[in-house]
Structure formats: structure tokens, C-alpha cells
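Here the structure comes first, spelled out in C-alpha cells, and everything after it is commentary.
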Amino acid sequence: MNGMQHPLQTLVNGRKTNHWQGIYSVCSANEYVIEAALQRGLTDDQYILIEATANQVNQFGGYTGMKPADFRNFVYRIAGKTGFPLAKLILGGDHLGPLTWKNEPARCALKKSRELIREYVLAGFTKIHIDTSMQMGDDDHSKTLDTGIIAERGAILCREAEEAFLELKTSYPESIHPVYVIGSEVPVPGGSRDEKDELQVTKALDFKNTVETFKQAFSRHELSPIWQYVIAVVVQPGVEFGDEGIHEYNRSAAKELTAALQQYPGMVFEGHSTDYQTPEALKAMVEDGIAILKVGPALTFAMREALFALSRMEQEILRFKPELEPSNFMEILDWFMVRNPQYWIHHYHGSPAKVRYARKYSFSDRCRYYLPVAEVKYALDTLINNLKSVAIPVTLISQFMPVQCSKIRRGVLQNEPESLLKDRIINCLDDYVYAIKRQDKLDGNIEGIL
């Protein structure tokens, strides 16, 4: 791949002509989610972008227990299982910077950040979001962190990434040059905001200032030739979600911001927290230049819906199968959430009844953090195995998963629990596939992807 243009650069350059096009980014470490995404990608011969966040995967293992090379191998194994070609797979690192160590002194946090980004690049991740927007332990917390400081720290991390890439090329000469994303007009990864809060679209002036300040910082660090690989800026286009509500995309409110992008033909916007937007809103975002759509909680939310539906089916079936031990998946999941509240306690608020409801059904989907717990995973596996051991009545599937029932009746989906589970995730991905398809700006003729 030496000398080849990165697929995301091809995407950006394609938008300079007469085509709208985009890509969605699957931000998840869940095996079912990744497998569903790769299976969906095979359907349309798409590039699939899988991203890991700094708190999820880092040099110390993150909350998944995986280092960057471990995550790469994890995704590659799933790709091998599904038959997805590695040439069509893009790995990305999200919020790479001092996020995980923001309470430490800047010198210490940045040292760890440099090692973090180095390991991501050496592991073959080629989409790198540099995020130095957060204050660190010895910064002045009485005022907003200056953009100049953010850019200076970002340039330091970019230099580390470039040095790592040169090291990678000595062993793998065909390695493709990474592309970079800057900016962070979003909540911390995995977070959400109250739907009642006022949501401010990034101001066009702030976007321009971010770009110019970073460009100057790159120049000071002798990275001007690398600026061509900065393909996107993270902005807040006015989309978010809370426990029960969704901030829908309003292209009129984002008009000033999206118009400013025309001054930077080599860039697109990256939109975080695009989860739960309608297909039409997602397509409007792509048309408006928000060409990289990040999605994560919506996918595990869909998976959780499927698991709960399968649990209900299991309960009905096991009424007449006393020889099978019930999984009690829903009860065990909630029990462990109550026992160890660290992943939801700062997100769910209100009365005990409201919190109990949010633990199961909130759009922010903090359930996902508990699926790797050994006891929860055992319950999930028991649920799947119980349903594999019986013929699931189509009438039950019609009751709890009607979309999947229709596909089974048409002969395009197996009546099998894991197939049902992954197809519910694919339902969500279908909205993004609709949004990113390359479309002629003049006559609206859809031509393909990338």
C-alpha cells in the first residue's frame, strides 16, 4: 500500500468534485457489534471504520483490558471469521491524548499520551483523532484552556505519531500513512448530556480559529508537510442525546458552521454522538460536510434491545422446558450494575425508580460496560445456548422482533439467536449506510460508496 492514498483522503477529495459521500465509524469493542458491522460491510463492499477510544484501549489495557495491538488482533480475528477483507478495514484511535490522565500534571499526562499514540500507530491504526482539549491537573481551572495550548500539545502528539509511523515503515514498508482528525467540540467519550440542556453549535469563527491555530503549531514543530494528512475537524453540529431525549440535527442552525467548511476544501467535519439521528438527518449531515459519522451507544442499545427480546422469548419457551436452566440475563445484568455503579452513577440521576429505569433503557446505554463481566457474559452465553437448543417459534419472534420475523419469512435471515441479535444491530447500521452513499450533487443519483 506504499504510496497509496488513504481511503479517507479519497473520500475528502471526492467531495471536492460533484459528489456527496461519507463514512460511518463504529466506536465499539463489542464482538457482536463489530461482527455485525463487518457483515453489513460485505453486503455493499464498503470500507468499514472501527475505532477504539483512549479510555477503552490504551498501553495499560484500558477498561477492556486490551492494548492497541490486542484490539487490532481482536478485530482482525472477527474479520477472519466473517470473511471481511482486511484491505477494506480501517482502524481508528479516538480521543487520543491525555483524557485518561487528565487529573495528573501536564508533563506526566503528555508523556503517557505520547506513548499512547505511538502504540496506536505502531499497531497499524491509520485514523488518528488527536484530542488535547481537556485541562490537566496543573492547568488553571479557573479559565478555559487556550486554543494555542491545545494546538501546541496536539502538534507534540502528531510528531510522536509521525516518528512511530517511520518506525513502522522500517518493518512494514507498505504501511499507509495515517490521517489525522483534530478538535473536540463534544462531551467525553461514552458520555451524554441532559436533553433539557441547551446545545450550542460550534461557531464558525471558533472552527476557523482551531484550524489556523493548529496549522501554526504544526509549522512551529516542522510538521507543515504533514498538514495534508489532517482531513477532519471535530465540531458540535447540534446533535446529542440524553437518557430519554435526542437533540435532532437542525441544518438551519448549523448553516453558518457548515458554510465555513467551504473555505477548507481539503477537510470535512467529524460528528460525534450522531447516535439515534434519523436516516434523513444523517444524510443531511453528510451533505452538509459532516462526512464522518461516529456511532457507538446506538449500536449496543440495539444489541441490548435484542438481548432483552431474546430473554423474553427464553422465558416463554422455558415455561415448558423445565430441564433447561434459565439464564436470568436481565436480572443478572442489573444486579451487577447495582453492585458496581461506577460506569453509570455519574450519568443517571433522579428518583430511585427513574434510575432503575435508566439502567435498563437509557439512550446513553451504560449497560454496555457490564457485558464483559464474567458472570454477565456467562448469563448471555447461557441465553444464546438455551435458544440454540430449541426451535424458536416464529410467533414469538413476531411478538418480540417483528422486523427479524419478516426477514425469516422471506428467507433472508436464519431463525437462530445470534443471527437475530446481529440483525437488530444491522437495522441501526442501515440508517448510516443510507446516509453515506455517494450521491451526485446535481441530480441526486446514488452511485455507490467511496
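Going by the C-alpha cells order, chains are called A, B, ..., each with residues numbered from 1, while ligands are numbered from 1 in the order shown.
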
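When the distance limit is 12 Å and only C-alpha atoms are what count, the residues near Gly65 in chain A, minus those fewer than 4 positions from it on the same chain, are Ala29, Ala54, Asn55, Gln56, Val57, Asn58, Gln59, Phe60, Gly61, Ala69, Asp70, Phe71, Phe74, Pro372 and Val373 of chain A.
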
Would you output that residue set with N, CA and C atoms, as a tab-separated table (two decimals), in the first residue's frame?
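Ended up saving to again_17.tsv:
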```tsv
chain	number	residue	atom	x	y	z
A	29	ALA	N	-16.18	-1.92	21.23
A	29	ALA	CA	-15.29	-3.06	21.41
A	29	ALA	C	-16.10	-4.34	21.61
A	54	ALA	N	-9.43	6.14	23.81
A	54	ALA	CA	-8.24	6.10	24.66
A	54	ALA	C	-8.51	5.48	26.02
A	55	ASN	N	-9.72	5.67	26.55
A	55	ASN	CA	-10.00	5.07	27.86
A	55	ASN	C	-10.42	3.61	27.73
A	56	GLN	N	-10.77	3.21	26.54
A	56	GLN	CA	-11.20	1.84	26.26
A	56	GLN	C	-10.01	0.93	25.99
A	57	VAL	N	-9.07	1.45	25.19
A	57	VAL	CA	-7.88	0.70	24.77
A	57	VAL	C	-6.67	1.62	24.89
A	58	ASN	N	-5.72	1.25	25.72
A	58	ASN	CA	-4.50	2.05	25.83
A	58	ASN	C	-3.33	1.17	26.25
A	59	GLN	N	-2.17	1.76	26.47
A	59	GLN	CA	-0.97	0.98	26.77
A	59	GLN	C	-1.05	0.24	28.09
A	60	PHE	N	-2.03	0.60	28.93
A	60	PHE	CA	-2.22	-0.09	30.20
A	60	PHE	C	-3.40	-1.06	30.14
A	61	GLY	N	-4.04	-1.16	29.00
A	61	GLY	CA	-5.16	-2.09	28.82
A	61	GLY	C	-6.52	-1.44	28.79
A	69	ALA	N	-2.44	-3.15	20.08
A	69	ALA	CA	-2.18	-4.34	19.26
A	69	ALA	C	-3.18	-5.45	19.56
A	70	ASP	N	-3.61	-5.54	20.82
A	70	ASP	CA	-4.62	-6.54	21.19
A	70	ASP	C	-5.95	-6.25	20.48
A	71	PHE	N	-6.33	-4.97	20.46
A	71	PHE	CA	-7.59	-4.60	19.81
A	71	PHE	C	-7.52	-4.89	18.32
A	74	PHE	N	-7.93	-8.50	17.84
A	74	PHE	CA	-9.33	-8.82	18.15
A	74	PHE	C	-10.21	-8.56	16.93
A	372	PRO	N	-18.87	-7.35	29.52
A	372	PRO	CA	-17.67	-8.20	29.66
A	372	PRO	C	-17.52	-8.85	31.04
A	373	VAL	N	-18.30	-8.42	32.04
A	373	VAL	CA	-18.21	-9.03	33.38
A	373	VAL	C	-18.46	-10.54	33.25
```

Q.
Give me the residues near Ala358 in chain A as a PyMOL selection string, where near means some atom within 10 Å (using only C-alpha atoms) and where sequence neighbours in that chain fewer than 2 positions away do not count.
A. chain A and resi 243-244+344+347-350+352-356+360-367

(Q) I'd like the neighbourhood of Ser133 in chain A as a PyMOL selection string, where a residue qualifies if any of its atoms comes within 12 Å (using only C-alpha atoms), though same-chain residues fewer than 4 positions away should be ignored. (A) chain A and resi 95-99+102+129+139+144-154+182-188+210+234

Could you write out that same residue set with C-alpha atoms as a PDB file, in the first residue's frame?
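Result file follows (again_27.pdb):
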```pdb
ATOM      1  CA  HIS A  95      -9.695  10.907  21.668  1.00  0.00           C
ATOM      2  CA  LEU A  96      -6.004  10.031  21.724  1.00  0.00           C
ATOM      3  CA  GLY A  97      -4.413  12.339  24.257  1.00  0.00           C
ATOM      4  CA  PRO A  98      -4.422  12.956  27.999  1.00  0.00           C
ATOM      5  CA  LEU A  99      -8.110  12.191  28.566  1.00  0.00           C
ATOM      6  CA  LYS A 102      -6.295  14.498  32.840  1.00  0.00           C
ATOM      7  CA  HIS A 129      -8.043  11.653  16.415  1.00  0.00           C
ATOM      8  CA  ASP A 139      -3.618  23.800  34.367  1.00  0.00           C
ATOM      9  CA  THR A 144     -10.954  27.995  29.612  1.00  0.00           C
ATOM     10  CA  LEU A 145      -7.947  26.198  28.188  1.00  0.00           C
ATOM     11  CA  ASP A 146      -6.394  28.364  25.491  1.00  0.00           C
ATOM     12  CA  THR A 147      -6.614  27.082  21.911  1.00  0.00           C
ATOM     13  CA  GLY A 148      -2.922  27.790  21.486  1.00  0.00           C
ATOM     14  CA  ILE A 149      -2.057  25.387  24.301  1.00  0.00           C
ATOM     15  CA  ILE A 150      -4.410  22.766  22.888  1.00  0.00           C
ATOM     16  CA  ALA A 151      -2.780  23.081  19.456  1.00  0.00           C
ATOM     17  CA  GLU A 152       0.748  23.023  20.862  1.00  0.00           C
ATOM     18  CA  ARG A 153       0.059  19.800  22.716  1.00  0.00           C
ATOM     19  CA  GLY A 154      -1.657  18.390  19.647  1.00  0.00           C
ATOM     20  CA  ILE A 182      -8.255  17.482  15.302  1.00  0.00           C
ATOM     21  CA  GLY A 183     -10.703  19.277  17.591  1.00  0.00           C
ATOM     22  CA  SER A 184     -13.095  18.086  20.279  1.00  0.00           C
ATOM     23  CA  GLU A 185     -16.366  20.030  20.456  1.00  0.00           C
ATOM     24  CA  VAL A 186     -18.065  17.072  22.129  1.00  0.00           C
ATOM     25  CA  PRO A 187     -18.663  15.532  25.557  1.00  0.00           C
ATOM     26  CA  VAL A 188     -16.130  12.992  26.813  1.00  0.00           C
ATOM     27  CA  THR A 210      -8.964  25.940  15.623  1.00  0.00           C
ATOM     28  CA  VAL A 234     -14.443  17.526  15.241  1.00  0.00           C
TER      29      VAL A 234
END
```

Could you make a table, as a Markdown table, of the residues of range 5-39 of chain A that have an atom within 8 Å of an atom of range 413-424 of chain A, each with its nearest atom pair and distance in Å to one decimal, counting only C-alpha atoms, in chain and number order?
```
| residue | atom | partner | partner_atom | distance |
| --- | --- | --- | --- | --- |
| A:Tyr32 | CA | A:Lys422 | CA | 6.3 |
| A:Val33 | CA | A:Lys422 | CA | 7.1 |
| A:Glu35 | CA | A:Lys422 | CA | 7.7 |
| A:Ala36 | CA | A:Lys422 | CA | 5.3 |
```

(Q) For Ser398 in chain A, find every residue with an atom within 12 Å (counting only C-alpha atoms), except residues of its own chain fewer than 4 positions away, and show them as a PyMOL selection string. (A) chain A and resi 309-310+313+392-394+402-409+415+420

Q. Hey, what does DSSP flag as alpha helix (DSSP H) within range 24-154 of chain A? Can you give it to me as number ranges by chain?
A. A: 31-44, 68-82, 106-122, 147-154

Q) In Å to one decimal, how far is CA of Ser113 in chain A from CA of Pro225 in chain A? A) 22.7 Å

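Taking CA of Tyr180 in chain A and CA of Leu293 in chain A as endpoints, the distance between them is 15.3 Å.
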
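Here the question is which of A:Glu325, A:Glu240, A:Glu212, A:Glu115 gets nearest to Cys158 in chain A using only C-alpha atoms, and that residue is A:Glu115.
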
Q: Could you tell me how far CA of Phe269 in chain A lies from CA of Ala232 in chain A, in Å and to one decimal?
A: 5.2 Å

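Using only C-alpha atoms, the smallest distance between any of A:His272, A:Lys294, A:Lys16, A:Lys169 and Leu49 in chain A comes from A:Lys294.
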
(Q) I'd like the neighbourhood of Tyr229 in chain A as a ChimeraX atom specification, where a residue qualifies if any of its atoms comes within 9 Å (using only C-alpha atoms), though same-chain residues fewer than 3 positions away should be ignored. (A) /A:9,177-181,225-226

Atoms kept (N, CA and C atoms) for selection, written as a PDB file, in the first residue's frame:
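Produced file out_23.pdb, reproduced below:
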```
ATOM      1  N   GLN A   9      -8.739  10.011   2.659  1.00  0.00           N
ATOM      2  CA  GLN A   9      -8.321  11.128   1.799  1.00  0.00           C
ATOM      3  C   GLN A   9      -9.046  11.067   0.457  1.00  0.00           C
ATOM      4  N   HIS A 177       0.138   5.845   5.164  1.00  0.00           N
ATOM      5  CA  HIS A 177       0.317   6.962   6.078  1.00  0.00           C
ATOM      6  C   HIS A 177      -0.981   7.256   6.820  1.00  0.00           C
ATOM      7  N   PRO A 178      -0.909   7.461   8.146  1.00  0.00           N
ATOM      8  CA  PRO A 178      -2.137   7.772   8.891  1.00  0.00           C
ATOM      9  C   PRO A 178      -2.691   9.144   8.528  1.00  0.00           C
ATOM     10  N   VAL A 179      -3.981   9.305   8.715  1.00  0.00           N
ATOM     11  CA  VAL A 179      -4.616  10.613   8.582  1.00  0.00           C
ATOM     12  C   VAL A 179      -5.040  11.063   9.975  1.00  0.00           C
ATOM     13  N   TYR A 180      -5.178  12.395  10.123  1.00  0.00           N
ATOM     14  CA  TYR A 180      -5.416  12.961  11.445  1.00  0.00           C
ATOM     15  C   TYR A 180      -6.727  13.741  11.497  1.00  0.00           C
ATOM     16  N   VAL A 181      -7.326  13.687  12.669  1.00  0.00           N
ATOM     17  CA  VAL A 181      -8.520  14.471  12.980  1.00  0.00           C
ATOM     18  C   VAL A 181      -8.174  15.311  14.205  1.00  0.00           C
ATOM     19  N   PRO A 225       4.619  19.768   6.203  1.00  0.00           N
ATOM     20  CA  PRO A 225       4.330  18.778   5.153  1.00  0.00           C
ATOM     21  C   PRO A 225       3.282  17.756   5.576  1.00  0.00           C
ATOM     22  N   ILE A 226       3.082  17.606   6.879  1.00  0.00           N
ATOM     23  CA  ILE A 226       2.134  16.619   7.391  1.00  0.00           C
ATOM     24  C   ILE A 226       0.714  17.176   7.415  1.00  0.00           C
TER      25      ILE A 226
END
```

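With only C-alpha atoms as the atoms that count, the residue of A:Thr170, A:Pro326, A:Glu31, A:Gly80 with the shortest distance to Thr64 in chain A is A:Glu31.
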
Using only C-alpha atoms, find each residue in range 406-438 of chain A having at least one atom no more than 12 Å away from range 19-27 of chain A; report its shortest atom-to-atom pair and that distance in Å (one decimal), rows by chain then rising number, as CSV.
```
residue,atom,partner,partner_atom,distance
A:Ile425,CA,A:Val26,CA,11.4
A:Ile426,CA,A:Val26,CA,11.8
A:Cys428,CA,A:Val26,CA,11.3
A:Leu429,CA,A:Tyr24,CA,8.8
A:Asp430,CA,A:Tyr24,CA,10.8
A:Asp431,CA,A:Tyr24,CA,10.2
A:Tyr432,CA,A:Tyr24,CA,6.5
A:Val433,CA,A:Tyr24,CA,7.9
A:Tyr434,CA,A:Gly22,CA,10.3
A:Ala435,CA,A:Gly22,CA,7.7
A:Ile436,CA,A:Gly22,CA,4.5
A:Lys437,CA,A:Gln21,CA,5.9
A:Arg438,CA,A:Gln21,CA,4.3
```

Since we have the selection now, will you write its residues out, keeping C-alpha atoms, as a short mmCIF file (atom, residue, chain, number, x, y, z; two decimals), in the first residue's frame?
```
data_model
loop_
_atom_site.label_atom_id
_atom_site.label_comp_id
_atom_site.auth_asym_id
_atom_site.auth_seq_id
_atom_site.Cartn_x
_atom_site.Cartn_y
_atom_site.Cartn_z
CA ILE A 425 -27.67 -4.18 15.17
CA ILE A 426 -27.66 -4.14 11.38
CA CYS A 428 -29.26 0.55 13.09
CA LEU A 429 -26.32 0.40 10.68
CA ASP A 430 -28.73 0.50 7.74
CA ASP A 431 -29.56 4.12 8.64
CA TYR A 432 -25.89 5.04 8.29
CA VAL A 433 -25.48 3.10 5.06
CA TYR A 434 -28.38 5.12 3.66
CA ALA A 435 -26.74 8.37 4.77
CA ILE A 436 -23.21 7.83 3.42
CA LYS A 437 -23.94 6.52 -0.05
CA ARG A 438 -22.21 8.58 -2.71
#
```

Q: Compare A:Arg72, A:Lys127, A:Lys143, A:Arg359 by their minimum atom-to-atom distance to Leu86 in chain A, counting only C-alpha atoms, and give me the closest one.
A: A:Arg72

Hey, what does DSSP flag as strand (DSSP E) within range 146-353 of chain A? Can you give it to me as a PDB file with C-alpha atoms, in the first residue's frame?
```pdb
ATOM      1  CA  VAL A 179      -4.616  10.613   8.582  1.00  0.00           C
ATOM      2  CA  TYR A 180      -5.416  12.961  11.445  1.00  0.00           C
ATOM      3  CA  VAL A 181      -8.520  14.471  12.980  1.00  0.00           C
ATOM      4  CA  ILE A 182      -8.255  17.482  15.302  1.00  0.00           C
ATOM      5  CA  VAL A 230      -5.222  16.491   8.584  1.00  0.00           C
ATOM      6  CA  ILE A 231      -8.535  15.610   6.957  1.00  0.00           C
ATOM      7  CA  ALA A 232     -11.185  16.468   9.532  1.00  0.00           C
ATOM      8  CA  VAL A 233     -12.114  18.655  12.467  1.00  0.00           C
ATOM      9  CA  VAL A 234     -14.443  17.526  15.241  1.00  0.00           C
ATOM     10  CA  VAL A 235     -17.246  20.050  15.731  1.00  0.00           C
ATOM     11  CA  GLU A 240     -26.607  14.768  21.154  1.00  0.00           C
ATOM     12  CA  PHE A 241     -28.758  12.508  23.272  1.00  0.00           C
ATOM     13  CA  ILE A 246     -32.448  13.294  21.391  1.00  0.00           C
ATOM     14  CA  HIS A 247     -31.144  16.600  20.052  1.00  0.00           C
ATOM     15  CA  VAL A 268     -14.547  17.587   6.336  1.00  0.00           C
ATOM     16  CA  PHE A 269     -16.247  17.663   9.710  1.00  0.00           C
ATOM     17  CA  GLU A 270     -16.337  14.690  12.047  1.00  0.00           C
ATOM     18  CA  GLY A 271     -19.567  14.416  14.014  1.00  0.00           C
ATOM     19  CA  ILE A 290     -20.216  16.201   8.399  1.00  0.00           C
ATOM     20  CA  ALA A 291     -18.831  13.310   6.415  1.00  0.00           C
ATOM     21  CA  ILE A 292     -17.514  11.141   9.275  1.00  0.00           C
ATOM     22  CA  LEU A 293     -20.384   9.957  11.465  1.00  0.00           C
ATOM     23  CA  LYS A 294     -19.405   8.413  14.786  1.00  0.00           C
ATOM     24  CA  VAL A 295     -21.815   5.859  16.266  1.00  0.00           C
TER      25      VAL A 295
END
```

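Counting only C-alpha atoms, the residue from A:Leu299, A:Ala161, A:Leu396, A:Met4 that sits nearest to Ile34 in chain A is A:Leu299.
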
Q. Residues at most 10 Å from range 318-323 of chain A, counting only C-alpha atoms, excluding those fewer than 5 positions away in the same chain, as a VMD selection string?
A. chain A and resid 313 386 to 387 390
